[in-house]
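Undergrad: What follows is upload38.txt, compact mmCIF, N, CA and C atoms.
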```txt
# COMPACT_ATOMS: atom_id res chain seq x y z
N MET A 1 0.83 -1.19 0.00
CA MET A 1 0.00 0.00 0.00
C MET A 1 0.87 1.25 0.00
N ALA A 2 1.97 1.20 0.74
CA ALA A 2 2.85 2.37 0.78
C ALA A 2 3.44 2.64 -0.60
N GLU A 3 3.84 1.58 -1.29
CA GLU A 3 4.38 1.76 -2.64
C GLU A 3 3.32 2.29 -3.58
N PHE A 4 2.11 1.79 -3.47
CA PHE A 4 0.99 2.26 -4.28
C PHE A 4 0.80 3.76 -4.07
N GLU A 5 0.81 4.19 -2.81
CA GLU A 5 0.64 5.62 -2.49
C GLU A 5 1.78 6.46 -3.07
N ARG A 6 2.96 5.90 -3.05
CA ARG A 6 4.14 6.63 -3.50
C ARG A 6 4.21 6.71 -5.02
N VAL A 7 3.85 5.65 -5.71
CA VAL A 7 4.08 5.53 -7.14
C VAL A 7 2.89 6.00 -7.99
N VAL A 8 1.68 5.73 -7.54
CA VAL A 8 0.50 6.00 -8.36
C VAL A 8 0.02 7.42 -8.10
N PRO A 9 -0.24 8.19 -9.16
CA PRO A 9 -0.70 9.58 -8.99
C PRO A 9 -2.02 9.64 -8.20
N GLU A 10 -2.19 10.72 -7.45
CA GLU A 10 -3.34 10.86 -6.56
C GLU A 10 -4.67 10.71 -7.29
N GLY A 11 -4.82 11.31 -8.44
CA GLY A 11 -6.07 11.21 -9.20
C GLY A 11 -6.41 9.78 -9.56
N VAL A 12 -5.42 9.00 -9.92
CA VAL A 12 -5.63 7.59 -10.26
C VAL A 12 -5.98 6.81 -8.99
N ARG A 13 -5.28 7.11 -7.89
CA ARG A 13 -5.56 6.42 -6.62
C ARG A 13 -7.00 6.67 -6.17
N ARG A 14 -7.46 7.92 -6.29
CA ARG A 14 -8.80 8.27 -5.85
C ARG A 14 -9.86 7.50 -6.64
N ALA A 15 -9.60 7.28 -7.92
CA ALA A 15 -10.57 6.59 -8.78
C ALA A 15 -10.47 5.07 -8.69
N ASP A 16 -9.46 4.55 -8.03
CA ASP A 16 -9.24 3.11 -7.96
C ASP A 16 -9.94 2.51 -6.75
N ALA A 17 -11.07 1.87 -7.00
CA ALA A 17 -11.86 1.27 -5.92
C ALA A 17 -11.08 0.19 -5.19
N SER A 18 -10.23 -0.52 -5.88
CA SER A 18 -9.51 -1.62 -5.24
C SER A 18 -8.60 -1.13 -4.11
N ARG A 19 -8.14 0.08 -4.20
CA ARG A 19 -7.29 0.64 -3.15
C ARG A 19 -8.08 0.75 -1.85
N ASP A 20 -9.30 1.27 -1.94
CA ASP A 20 -10.11 1.42 -0.73
C ASP A 20 -10.53 0.06 -0.16
N TRP A 21 -10.88 -0.88 -1.07
CA TRP A 21 -11.25 -2.21 -0.58
C TRP A 21 -10.05 -2.85 0.12
N ALA A 22 -8.86 -2.68 -0.46
CA ALA A 22 -7.66 -3.24 0.16
C ALA A 22 -7.39 -2.58 1.52
N ALA A 23 -7.55 -1.26 1.59
CA ALA A 23 -7.33 -0.56 2.86
C ALA A 23 -8.32 -1.04 3.91
N ALA A 24 -9.56 -1.26 3.50
CA ALA A 24 -10.58 -1.75 4.44
C ALA A 24 -10.23 -3.16 4.92
N GLU A 25 -9.78 -4.00 4.01
CA GLU A 25 -9.42 -5.37 4.39
C GLU A 25 -8.22 -5.37 5.34
N ILE A 26 -7.26 -4.51 5.09
CA ILE A 26 -6.10 -4.40 5.98
C ILE A 26 -6.56 -3.94 7.37
N ALA A 27 -7.45 -2.96 7.40
CA ALA A 27 -7.98 -2.48 8.68
C ALA A 27 -8.69 -3.61 9.42
N MET A 28 -9.48 -4.41 8.69
CA MET A 28 -10.17 -5.54 9.31
C MET A 28 -9.17 -6.51 9.92
N GLN A 29 -8.14 -6.86 9.15
CA GLN A 29 -7.16 -7.85 9.63
C GLN A 29 -6.37 -7.32 10.82
N GLN A 30 -6.26 -6.01 10.93
CA GLN A 30 -5.54 -5.42 12.06
C GLN A 30 -6.46 -5.15 13.25
N GLY A 31 -7.74 -5.52 13.10
CA GLY A 31 -8.68 -5.34 14.20
C GLY A 31 -9.26 -3.95 14.30
N HIS A 32 -9.10 -3.13 13.27
CA HIS A 32 -9.64 -1.77 13.25
C HIS A 32 -10.99 -1.80 12.53
N TYR A 33 -11.97 -2.42 13.19
CA TYR A 33 -13.24 -2.70 12.53
C TYR A 33 -14.04 -1.45 12.20
N ALA A 34 -14.07 -0.47 13.10
CA ALA A 34 -14.81 0.76 12.83
C ALA A 34 -14.21 1.49 11.62
N GLU A 35 -12.90 1.51 11.54
CA GLU A 35 -12.22 2.13 10.40
C GLU A 35 -12.56 1.38 9.10
N ALA A 36 -12.57 0.07 9.17
CA ALA A 36 -12.92 -0.73 7.99
C ALA A 36 -14.35 -0.45 7.54
N ILE A 37 -15.27 -0.37 8.49
CA ILE A 37 -16.67 -0.08 8.16
C ILE A 37 -16.77 1.29 7.50
N ALA A 38 -16.12 2.28 8.06
CA ALA A 38 -16.18 3.63 7.50
C ALA A 38 -15.62 3.66 6.08
N THR A 39 -14.50 2.97 5.87
CA THR A 39 -13.89 2.93 4.53
C THR A 39 -14.80 2.24 3.53
N MET A 40 -15.36 1.11 3.92
CA MET A 40 -16.25 0.38 3.01
C MET A 40 -17.51 1.17 2.71
N ASN A 41 -18.09 1.80 3.72
CA ASN A 41 -19.29 2.59 3.48
C ASN A 41 -19.02 3.80 2.59
N ALA A 42 -17.88 4.43 2.78
CA ALA A 42 -17.51 5.57 1.92
C ALA A 42 -17.36 5.11 0.47
N ARG A 43 -16.73 3.98 0.26
CA ARG A 43 -16.53 3.46 -1.11
C ARG A 43 -17.87 3.04 -1.71
N ARG A 44 -18.72 2.43 -0.90
CA ARG A 44 -20.05 2.02 -1.39
C ARG A 44 -20.83 3.24 -1.85
N THR A 45 -20.78 4.31 -1.06
CA THR A 45 -21.49 5.53 -1.41
C THR A 45 -20.92 6.13 -2.69
N PHE A 46 -19.62 6.21 -2.76
CA PHE A 46 -18.95 6.77 -3.94
C PHE A 46 -19.29 5.96 -5.19
N ALA A 47 -19.30 4.64 -5.07
CA ALA A 47 -19.54 3.77 -6.22
C ALA A 47 -21.03 3.60 -6.52
N GLY A 48 -21.90 3.98 -5.57
CA GLY A 48 -23.32 3.79 -5.76
C GLY A 48 -23.73 2.32 -5.76
N CYS A 49 -22.99 1.53 -5.01
CA CYS A 49 -23.26 0.09 -4.97
C CYS A 49 -24.10 -0.24 -3.74
N GLY A 50 -25.31 -0.72 -3.98
CA GLY A 50 -26.23 -0.98 -2.89
C GLY A 50 -25.88 -2.16 -2.01
N VAL A 51 -25.18 -3.16 -2.53
CA VAL A 51 -24.90 -4.35 -1.74
C VAL A 51 -23.41 -4.62 -1.54
N CYS A 52 -22.58 -3.86 -2.21
CA CYS A 52 -21.13 -4.09 -2.09
C CYS A 52 -20.68 -4.01 -0.63
N ALA A 53 -19.93 -4.98 -0.21
CA ALA A 53 -19.27 -5.03 1.09
C ALA A 53 -20.21 -5.14 2.28
N LEU A 54 -21.52 -5.29 2.06
CA LEU A 54 -22.42 -5.42 3.21
C LEU A 54 -22.12 -6.67 4.04
N PHE A 55 -21.72 -7.74 3.38
CA PHE A 55 -21.36 -8.95 4.12
C PHE A 55 -20.17 -8.68 5.03
N GLU A 56 -19.17 -8.01 4.50
CA GLU A 56 -17.97 -7.70 5.27
C GLU A 56 -18.28 -6.69 6.37
N ILE A 57 -19.12 -5.71 6.06
CA ILE A 57 -19.51 -4.72 7.06
C ILE A 57 -20.25 -5.39 8.21
N ALA A 58 -21.17 -6.30 7.88
CA ALA A 58 -21.90 -7.02 8.92
C ALA A 58 -20.94 -7.80 9.81
N GLY A 59 -19.96 -8.46 9.20
CA GLY A 59 -18.97 -9.20 9.98
C GLY A 59 -18.16 -8.29 10.89
N ALA A 60 -17.83 -7.10 10.40
CA ALA A 60 -17.09 -6.15 11.23
C ALA A 60 -17.93 -5.68 12.41
N TYR A 61 -19.21 -5.44 12.17
CA TYR A 61 -20.10 -5.08 13.27
C TYR A 61 -20.16 -6.20 14.31
N GLU A 62 -20.18 -7.43 13.83
CA GLU A 62 -20.18 -8.55 14.79
C GLU A 62 -18.91 -8.55 15.62
N LYS A 63 -17.77 -8.29 14.98
CA LYS A 63 -16.50 -8.24 15.72
C LYS A 63 -16.52 -7.14 16.77
N LEU A 64 -17.26 -6.06 16.49
CA LEU A 64 -17.39 -4.96 17.45
C LEU A 64 -18.44 -5.25 18.53
N GLY A 65 -19.12 -6.39 18.41
CA GLY A 65 -20.16 -6.73 19.37
C GLY A 65 -21.46 -5.97 19.15
N GLN A 66 -21.67 -5.47 17.94
CA GLN A 66 -22.86 -4.70 17.60
C GLN A 66 -23.81 -5.55 16.76
N ALA A 67 -24.47 -6.47 17.44
CA ALA A 67 -25.34 -7.44 16.75
C ALA A 67 -26.49 -6.76 16.00
N ASP A 68 -27.05 -5.69 16.55
CA ASP A 68 -28.16 -5.01 15.86
C ASP A 68 -27.69 -4.43 14.53
N SER A 69 -26.54 -3.82 14.52
CA SER A 69 -26.01 -3.25 13.28
C SER A 69 -25.63 -4.34 12.29
N ALA A 70 -25.09 -5.44 12.79
CA ALA A 70 -24.77 -6.57 11.92
C ALA A 70 -26.03 -7.12 11.29
N LEU A 71 -27.06 -7.31 12.10
CA LEU A 71 -28.32 -7.83 11.59
C LEU A 71 -28.88 -6.90 10.51
N ALA A 72 -28.81 -5.60 10.74
CA ALA A 72 -29.32 -4.63 9.75
C ALA A 72 -28.53 -4.72 8.44
N ALA A 73 -27.22 -4.87 8.52
CA ALA A 73 -26.41 -4.97 7.30
C ALA A 73 -26.71 -6.27 6.56
N TYR A 74 -26.80 -7.38 7.29
CA TYR A 74 -27.15 -8.65 6.64
C TYR A 74 -28.53 -8.56 5.99
N ALA A 75 -29.49 -7.95 6.69
CA ALA A 75 -30.85 -7.83 6.14
C ALA A 75 -30.86 -6.99 4.87
N GLN A 76 -30.07 -5.92 4.85
CA GLN A 76 -29.96 -5.11 3.62
C GLN A 76 -29.41 -5.95 2.48
N LEU A 77 -28.43 -6.76 2.79
CA LEU A 77 -27.79 -7.56 1.76
C LEU A 77 -28.78 -8.49 1.07
N VAL A 78 -29.69 -9.09 1.83
CA VAL A 78 -30.62 -10.04 1.21
C VAL A 78 -31.87 -9.38 0.65
N SER A 79 -32.13 -8.13 1.01
CA SER A 79 -33.38 -7.51 0.58
C SER A 79 -33.22 -6.37 -0.43
N ARG A 80 -32.05 -5.80 -0.52
CA ARG A 80 -31.85 -4.63 -1.37
C ARG A 80 -31.63 -5.05 -2.81
N PRO A 81 -32.47 -4.55 -3.72
CA PRO A 81 -32.21 -4.84 -5.14
C PRO A 81 -30.99 -4.05 -5.60
N ALA A 82 -30.19 -4.65 -6.41
CA ALA A 82 -28.99 -3.97 -6.91
C ALA A 82 -28.52 -4.65 -8.18
N PRO A 83 -28.08 -3.85 -9.14
CA PRO A 83 -27.51 -4.47 -10.33
C PRO A 83 -26.21 -5.19 -9.97
N TYR A 84 -25.97 -6.23 -10.66
CA TYR A 84 -24.73 -7.00 -10.49
C TYR A 84 -24.60 -7.65 -9.12
N ARG A 85 -25.72 -7.82 -8.40
CA ARG A 85 -25.65 -8.43 -7.08
C ARG A 85 -25.16 -9.88 -7.15
N MET A 86 -25.17 -10.45 -8.35
CA MET A 86 -24.71 -11.84 -8.48
C MET A 86 -23.27 -11.99 -8.01
N PHE A 87 -22.49 -10.92 -8.15
CA PHE A 87 -21.09 -11.01 -7.72
C PHE A 87 -21.00 -11.14 -6.19
N THR A 88 -21.84 -10.42 -5.48
CA THR A 88 -21.87 -10.53 -4.03
C THR A 88 -22.59 -11.79 -3.60
N ASP A 89 -23.73 -12.08 -4.24
CA ASP A 89 -24.51 -13.26 -3.86
C ASP A 89 -23.69 -14.54 -4.01
N ALA A 90 -22.80 -14.57 -4.96
CA ALA A 90 -22.03 -15.79 -5.23
C ALA A 90 -21.28 -16.26 -3.98
N TYR A 91 -20.78 -15.36 -3.19
CA TYR A 91 -20.02 -15.77 -2.00
C TYR A 91 -20.73 -15.44 -0.69
N ALA A 92 -21.72 -14.53 -0.72
CA ALA A 92 -22.27 -14.05 0.55
C ALA A 92 -23.71 -14.44 0.83
N LEU A 93 -24.49 -14.81 -0.17
CA LEU A 93 -25.91 -15.03 0.08
C LEU A 93 -26.16 -16.19 1.05
N ALA A 94 -25.59 -17.35 0.78
CA ALA A 94 -25.83 -18.50 1.66
C ALA A 94 -25.34 -18.24 3.09
N PRO A 95 -24.11 -17.79 3.30
CA PRO A 95 -23.71 -17.55 4.68
C PRO A 95 -24.50 -16.43 5.36
N THR A 96 -25.02 -15.49 4.56
CA THR A 96 -25.85 -14.44 5.14
C THR A 96 -27.18 -15.00 5.61
N TYR A 97 -27.81 -15.85 4.81
CA TYR A 97 -29.04 -16.51 5.25
C TYR A 97 -28.80 -17.28 6.55
N LYS A 98 -27.73 -18.03 6.58
CA LYS A 98 -27.42 -18.83 7.78
C LYS A 98 -27.18 -17.92 8.99
N ARG A 99 -26.43 -16.88 8.78
CA ARG A 99 -26.11 -15.97 9.89
C ARG A 99 -27.36 -15.25 10.38
N LEU A 100 -28.24 -14.84 9.45
CA LEU A 100 -29.49 -14.22 9.88
C LEU A 100 -30.32 -15.20 10.70
N GLY A 101 -30.35 -16.46 10.28
CA GLY A 101 -31.04 -17.47 11.07
C GLY A 101 -30.48 -17.56 12.48
N GLU A 102 -29.16 -17.57 12.58
CA GLU A 102 -28.51 -17.66 13.89
C GLU A 102 -28.80 -16.44 14.76
N LEU A 103 -28.73 -15.26 14.16
CA LEU A 103 -28.97 -14.04 14.93
C LEU A 103 -30.41 -13.95 15.41
N TYR A 104 -31.35 -14.30 14.53
CA TYR A 104 -32.75 -14.29 14.95
C TYR A 104 -33.03 -15.39 15.99
N GLU A 105 -32.39 -16.53 15.83
CA GLU A 105 -32.55 -17.59 16.83
C GLU A 105 -32.05 -17.11 18.19
N ALA A 106 -30.92 -16.46 18.20
CA ALA A 106 -30.35 -15.95 19.46
C ALA A 106 -31.28 -14.92 20.12
N ARG A 107 -32.06 -14.22 19.32
CA ARG A 107 -33.00 -13.23 19.83
C ARG A 107 -34.33 -13.86 20.26
N GLY A 108 -34.48 -15.14 19.96
CA GLY A 108 -35.73 -15.81 20.29
C GLY A 108 -36.82 -15.62 19.25
N ASP A 109 -36.46 -15.09 18.08
CA ASP A 109 -37.43 -14.89 16.99
C ASP A 109 -37.42 -16.15 16.13
N ARG A 110 -38.20 -17.15 16.57
CA ARG A 110 -38.21 -18.44 15.88
C ARG A 110 -38.74 -18.34 14.46
N VAL A 111 -39.73 -17.48 14.23
CA VAL A 111 -40.32 -17.36 12.89
C VAL A 111 -39.29 -16.89 11.88
N ARG A 112 -38.60 -15.81 12.20
CA ARG A 112 -37.58 -15.30 11.27
C ARG A 112 -36.39 -16.25 11.17
N ALA A 113 -36.01 -16.84 12.28
CA ALA A 113 -34.90 -17.80 12.26
C ALA A 113 -35.22 -18.96 11.32
N ARG A 114 -36.42 -19.53 11.45
CA ARG A 114 -36.81 -20.63 10.55
C ARG A 114 -36.83 -20.18 9.11
N ASP A 115 -37.33 -18.96 8.86
CA ASP A 115 -37.39 -18.44 7.49
C ASP A 115 -35.99 -18.40 6.87
N TYR A 116 -35.05 -17.79 7.57
CA TYR A 116 -33.71 -17.66 6.99
C TYR A 116 -32.97 -18.99 6.94
N TYR A 117 -33.16 -19.82 7.96
CA TYR A 117 -32.57 -21.16 7.89
C TYR A 117 -33.14 -21.92 6.70
N GLY A 118 -34.44 -21.77 6.47
CA GLY A 118 -35.07 -22.44 5.33
C GLY A 118 -34.52 -21.97 4.00
N ARG A 119 -34.30 -20.67 3.89
CA ARG A 119 -33.71 -20.12 2.66
C ARG A 119 -32.31 -20.71 2.43
N PHE A 120 -31.55 -20.78 3.52
CA PHE A 120 -30.21 -21.36 3.41
C PHE A 120 -30.29 -22.81 2.95
N ALA A 121 -31.11 -23.60 3.63
CA ALA A 121 -31.21 -25.03 3.32
C ALA A 121 -31.69 -25.24 1.88
N ASP A 122 -32.62 -24.42 1.43
CA ASP A 122 -33.10 -24.53 0.05
C ASP A 122 -31.99 -24.18 -0.94
N LEU A 123 -31.24 -23.15 -0.64
CA LEU A 123 -30.16 -22.72 -1.54
C LEU A 123 -29.06 -23.77 -1.63
N TRP A 124 -28.77 -24.45 -0.52
CA TRP A 124 -27.68 -25.42 -0.48
C TRP A 124 -28.14 -26.87 -0.55
N LYS A 125 -29.39 -27.10 -0.89
CA LYS A 125 -29.90 -28.48 -0.89
C LYS A 125 -29.11 -29.40 -1.81
N ASN A 126 -28.53 -28.87 -2.87
CA ASN A 126 -27.74 -29.68 -3.80
C ASN A 126 -26.25 -29.37 -3.70
N ALA A 127 -25.83 -28.85 -2.57
CA ALA A 127 -24.41 -28.52 -2.38
C ALA A 127 -23.56 -29.78 -2.39
N ASP A 128 -22.28 -29.60 -2.57
CA ASP A 128 -21.34 -30.71 -2.56
C ASP A 128 -21.46 -31.51 -1.26
N ALA A 129 -21.10 -32.76 -1.34
CA ALA A 129 -21.24 -33.69 -0.21
C ALA A 129 -20.55 -33.18 1.05
N GLU A 130 -19.39 -32.57 0.92
CA GLU A 130 -18.68 -32.11 2.12
C GLU A 130 -19.38 -30.95 2.80
N LEU A 131 -20.33 -30.31 2.12
CA LEU A 131 -21.09 -29.21 2.72
C LEU A 131 -22.42 -29.67 3.32
N GLN A 132 -22.82 -30.89 3.02
CA GLN A 132 -24.11 -31.38 3.48
C GLN A 132 -24.24 -31.45 5.01
N PRO A 133 -23.18 -31.68 5.78
CA PRO A 133 -23.34 -31.63 7.24
C PRO A 133 -23.85 -30.26 7.73
N VAL A 134 -23.45 -29.20 7.07
CA VAL A 134 -23.93 -27.87 7.44
C VAL A 134 -25.42 -27.77 7.14
N VAL A 135 -25.84 -28.28 5.99
CA VAL A 135 -27.26 -28.27 5.61
C VAL A 135 -28.07 -29.10 6.61
N ARG A 136 -27.57 -30.27 6.96
CA ARG A 136 -28.27 -31.12 7.94
C ARG A 136 -28.41 -30.40 9.28
N ASP A 137 -27.35 -29.74 9.73
CA ASP A 137 -27.40 -29.01 10.99
C ASP A 137 -28.48 -27.93 10.94
N VAL A 138 -28.54 -27.21 9.85
CA VAL A 138 -29.53 -26.15 9.71
C VAL A 138 -30.94 -26.74 9.68
N ARG A 139 -31.11 -27.84 8.97
CA ARG A 139 -32.43 -28.49 8.94
C ARG A 139 -32.84 -28.97 10.33
N GLU A 140 -31.88 -29.46 11.09
CA GLU A 140 -32.17 -29.88 12.47
C GLU A 140 -32.58 -28.68 13.33
N ARG A 141 -31.96 -27.55 13.10
CA ARG A 141 -32.35 -26.33 13.82
C ARG A 141 -33.78 -25.94 13.48
N ILE A 142 -34.14 -26.05 12.21
CA ILE A 142 -35.51 -25.72 11.79
C ILE A 142 -36.50 -26.63 12.51
N VAL A 143 -36.20 -27.92 12.55
CA VAL A 143 -37.08 -28.88 13.23
C VAL A 143 -37.20 -28.52 14.71
N ARG A 144 -36.07 -28.25 15.34
CA ARG A 144 -36.08 -27.89 16.77
C ARG A 144 -36.88 -26.62 17.02
N LEU A 145 -36.68 -25.60 16.18
CA LEU A 145 -37.40 -24.33 16.35
C LEU A 145 -38.90 -24.50 16.12
N THR A 146 -39.25 -25.39 15.21
CA THR A 146 -40.67 -25.66 14.95
C THR A 146 -41.29 -26.38 16.14
N ALA A 147 -40.56 -27.28 16.75
CA ALA A 147 -41.07 -28.05 17.89
C ALA A 147 -41.18 -27.21 19.16
N GLU A 148 -40.45 -26.11 19.23
CA GLU A 148 -40.42 -25.28 20.45
C GLU A 148 -41.62 -24.38 20.62
N ARG A 149 -42.55 -24.45 19.76
CA ARG A 149 -43.72 -23.57 19.84
C ARG A 149 -44.14 -23.43 21.23
```
Could you take the file, read its structure, and then write that structure out as structure tokens?

TA:
Amino acid sequence: MAEFERVVPEGVRRADASRDWAAAEIAMQQGHYAEAIATMNARRTFAGCGVCALFEIAGAYEKLGQADSALAAYAQLVSRPAPYRMFTDAYALAPTYKRLGELYEARGDRVRARDYYGRFADLWKNADAELQPVVRDVRERIVRLTAER
């Protein structure tokens, strides 16, 4: 990053989204979660991307112990329409559904927990064999939550 700052002209650096994403990831790895969130949100606003980095932002909020903010970011990720969301959904949709199920379960909201667990299980029903234990665990949670009425 220091070499990038030194070598690349400021105008090019400002327009390069990858620089900000890299800075945010470095901040995350160094435990500077609030800084990472601010950097990602600034880049999202600049780029006009409705779902970009919401998965990472939610994770950073979790690291900060801010479950409400994490839940809000995850919920935006699954509900906000956005062009090109397939790029984010490819890696974040399934774990976001699962995480929303877990967060709602922890809050005692069985209805929402079952809904998101169900979305996860449906999305991964044909996943590779090594991922099926995760699907089975989620299905067992759905059964348990349904029985707890």

Undergrad: May I have the protein, DNA and RNA residues with any atom at most 8 Å from the point (-17.2, -5.7, 4.1), counting only N, CA and C atoms, written as a VMD selection string?

TA: chain A and resid 24 to 25 36 to 37 40 to 41 52 to 60

Undergrad: Report the distance between atom CA of A:Asp16 and atom CA of A:Ala2 in Å, rounded to one decimal place.

TA: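 Between these atoms lies a distance of 14.9 Å.
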
Undergrad: Excluding A:Tyr33 and its own-chain neighbours fewer than 6 positions away, which residues fall within 8 Å of it when counting only C-alpha atoms? Please give them as a PDB file with N, CA and C atoms, in the coordinates of the input.

TA:
```pdb
ATOM      1  N   ALA A  27      -7.450  -2.960   7.400  1.00  0.00           N
ATOM      2  CA  ALA A  27      -7.980  -2.480   8.680  1.00  0.00           C
ATOM      3  C   ALA A  27      -8.690  -3.610   9.420  1.00  0.00           C
ATOM      4  N   ALA A  60     -17.830  -7.100  10.400  1.00  0.00           N
ATOM      5  CA  ALA A  60     -17.090  -6.150  11.230  1.00  0.00           C
ATOM      6  C   ALA A  60     -17.930  -5.680  12.410  1.00  0.00           C
ATOM      7  N   TYR A  61     -19.210  -5.440  12.170  1.00  0.00           N
ATOM      8  CA  TYR A  61     -20.100  -5.080  13.270  1.00  0.00           C
ATOM      9  C   TYR A  61     -20.160  -6.200  14.310  1.00  0.00           C
ATOM     10  N   LYS A  63     -17.770  -8.290  14.980  1.00  0.00           N
ATOM     11  CA  LYS A  63     -16.500  -8.240  15.720  1.00  0.00           C
ATOM     12  C   LYS A  63     -16.520  -7.140  16.770  1.00  0.00           C
ATOM     13  N   LEU A  64     -17.260  -6.060  16.490  1.00  0.00           N
ATOM     14  CA  LEU A  64     -17.390  -4.960  17.450  1.00  0.00           C
ATOM     15  C   LEU A  64     -18.440  -5.250  18.530  1.00  0.00           C
TER      16      LEU A  64
END
```

Undergrad: Considering only C-alpha atoms, can you say which of A:Met1, A:Ala34, A:Val51, A:Ala67 comes closest to A:Arg107?

TA: A:Ala67

Undergrad: Would you return as a PyMOL selection string the members of chain A that DSSP assigns to helix (DSSP H, G or I) on this structure's backbone?

TA: chain A and resi 2-7+10-15+17-29+33-47+54-63+67-79+86-107+110-123+129-147

Undergrad: At a cut-off of 6.5 Å, using only N, CA and C atoms, what residues contact stretch 142-149 of chain A? Leave out same-chain residues fewer than 2 positions from it and give the result as a list of chain:residue names.

TA: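 In the requested form, the answer reads A:Arg110, A:Arg114, A:Asp137, A:Val138, A:Arg139, A:Glu140.
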
Undergrad: Between atom CA of A:Asp68 and atom CA of A:Cys49, what is the distance, to one decimal in Å?

TA: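 Calculated distance between atom CA of A:Asp68 and atom CA of A:Cys49 is 22.0 Å.
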
Undergrad: Do you have the atom CA of A:Arg19-atom CA of A:Phe46 distance handy?

TA: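 Computing the Euclidean distance for atom CA of A:Arg19 and atom CA of A:Phe46 yields 13.2 Å.
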
Undergrad: Take every atom of stretch 92-108 of chain A listed in the file, pad by 3 Å on each side, and give me the axis-aligned box centre and edge lengths in Å, one decimal, as JSON.

TA:
```
{"center_x": -29.3, "center_y": -16.0, "center_z": 9.8, "size_x": 21.1, "size_y": 11.6, "size_z": 27.0}
```

Undergrad: For a quick check of understanding, using all atoms listed in the file, which of A:Ala94, A:Gln29, A:Arg43, A:Ala22 has the smallest distance to A:Trp124?

TA: A:Ala94

Undergrad: I'd like to know which of A:Gly31, A:Glu105, A:Arg119, A:Thr45 is closest to A:Val78, using only C-alpha atoms.

TA: A:Arg119

Undergrad: Would you list the contacts of A:Thr96 as a short mmCIF file (atom, residue, chain, number, x, y, z; two decimals) with N, CA and C atoms, in the frame of the given file, taking every protein, DNA or RNA residue within 8 Å and counting only N, CA and C atoms, but skipping same-chain residues closer than 2 positions in sequence?

TA:
```cif
data_model
loop_
_atom_site.label_atom_id
_atom_site.label_comp_id
_atom_site.auth_asym_id
_atom_site.auth_seq_id
_atom_site.Cartn_x
_atom_site.Cartn_y
_atom_site.Cartn_z
N PHE A 55 -21.72 -7.74 3.38
CA PHE A 55 -21.36 -8.95 4.12
C PHE A 55 -20.17 -8.68 5.03
N TYR A 74 -26.80 -7.38 7.29
CA TYR A 74 -27.15 -8.65 6.64
C TYR A 74 -28.53 -8.56 5.99
N ALA A 75 -29.49 -7.95 6.69
CA ALA A 75 -30.85 -7.83 6.14
C ALA A 75 -30.86 -6.99 4.87
N LEU A 77 -28.43 -6.76 2.79
CA LEU A 77 -27.79 -7.56 1.76
C LEU A 77 -28.78 -8.49 1.07
N VAL A 78 -29.69 -9.09 1.83
CA VAL A 78 -30.62 -10.04 1.21
C VAL A 78 -31.87 -9.38 0.65
N TYR A 91 -20.78 -15.36 -3.19
CA TYR A 91 -20.02 -15.77 -2.00
C TYR A 91 -20.73 -15.44 -0.69
N ALA A 92 -21.72 -14.53 -0.72
CA ALA A 92 -22.27 -14.05 0.55
C ALA A 92 -23.71 -14.44 0.83
N LEU A 93 -24.49 -14.81 -0.17
CA LEU A 93 -25.91 -15.03 0.08
C LEU A 93 -26.16 -16.19 1.05
N ALA A 94 -25.59 -17.35 0.78
CA ALA A 94 -25.83 -18.50 1.66
C ALA A 94 -25.34 -18.24 3.09
N LYS A 98 -27.73 -18.03 6.58
CA LYS A 98 -27.42 -18.83 7.78
C LYS A 98 -27.18 -17.92 8.99
N ARG A 99 -26.43 -16.88 8.78
CA ARG A 99 -26.11 -15.97 9.89
C ARG A 99 -27.36 -15.25 10.38
N LEU A 100 -28.24 -14.84 9.45
CA LEU A 100 -29.49 -14.22 9.88
C LEU A 100 -30.32 -15.20 10.70
N GLY A 101 -30.35 -16.46 10.28
CA GLY A 101 -31.04 -17.47 11.07
C GLY A 101 -30.48 -17.56 12.48
N GLU A 102 -29.16 -17.57 12.58
CA GLU A 102 -28.51 -17.66 13.89
C GLU A 102 -28.80 -16.44 14.76
N TYR A 116 -35.05 -17.79 7.57
CA TYR A 116 -33.71 -17.66 6.99
C TYR A 116 -32.97 -18.99 6.94
N PHE A 120 -31.55 -20.78 3.52
CA PHE A 120 -30.21 -21.36 3.41
C PHE A 120 -30.29 -22.81 2.95
#
```

Undergrad: I'd like to know which of A:Arg80, A:Gln30, A:Ala17, A:Leu103 is closest to A:Glu62, using only C-alpha atoms.

TA: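 Closest residue, counting only C-alpha atoms: A:Leu103.
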
Undergrad: Just stretch 29-45 of chain A from the block, C-alpha atoms, as a PDB file, in the first residue's frame, could you?

TA:
```
ATOM      1  CA  GLN A  29      -7.163  -7.846   9.633  1.00  0.00           C
ATOM      2  CA  GLN A  30      -5.544  -5.418  12.060  1.00  0.00           C
ATOM      3  CA  GLY A  31      -8.680  -5.338  14.197  1.00  0.00           C
ATOM      4  CA  HIS A  32      -9.641  -1.768  13.248  1.00  0.00           C
ATOM      5  CA  TYR A  33     -13.242  -2.701  12.533  1.00  0.00           C
ATOM      6  CA  ALA A  34     -14.806   0.758  12.829  1.00  0.00           C
ATOM      7  CA  GLU A  35     -12.219   2.131  10.396  1.00  0.00           C
ATOM      8  CA  ALA A  36     -12.920  -0.733   7.987  1.00  0.00           C
ATOM      9  CA  ILE A  37     -16.671  -0.078   8.163  1.00  0.00           C
ATOM     10  CA  ALA A  38     -16.180   3.629   7.498  1.00  0.00           C
ATOM     11  CA  THR A  39     -13.886   2.933   4.535  1.00  0.00           C
ATOM     12  CA  MET A  40     -16.246   0.377   3.009  1.00  0.00           C
ATOM     13  CA  ASN A  41     -19.295   2.588   3.476  1.00  0.00           C
ATOM     14  CA  ALA A  42     -17.515   5.567   1.917  1.00  0.00           C
ATOM     15  CA  ARG A  43     -16.531   3.462  -1.106  1.00  0.00           C
ATOM     16  CA  ARG A  44     -20.047   2.024  -1.390  1.00  0.00           C
ATOM     17  CA  THR A  45     -21.495   5.534  -1.414  1.00  0.00           C
TER      18      THR A  45
END
```
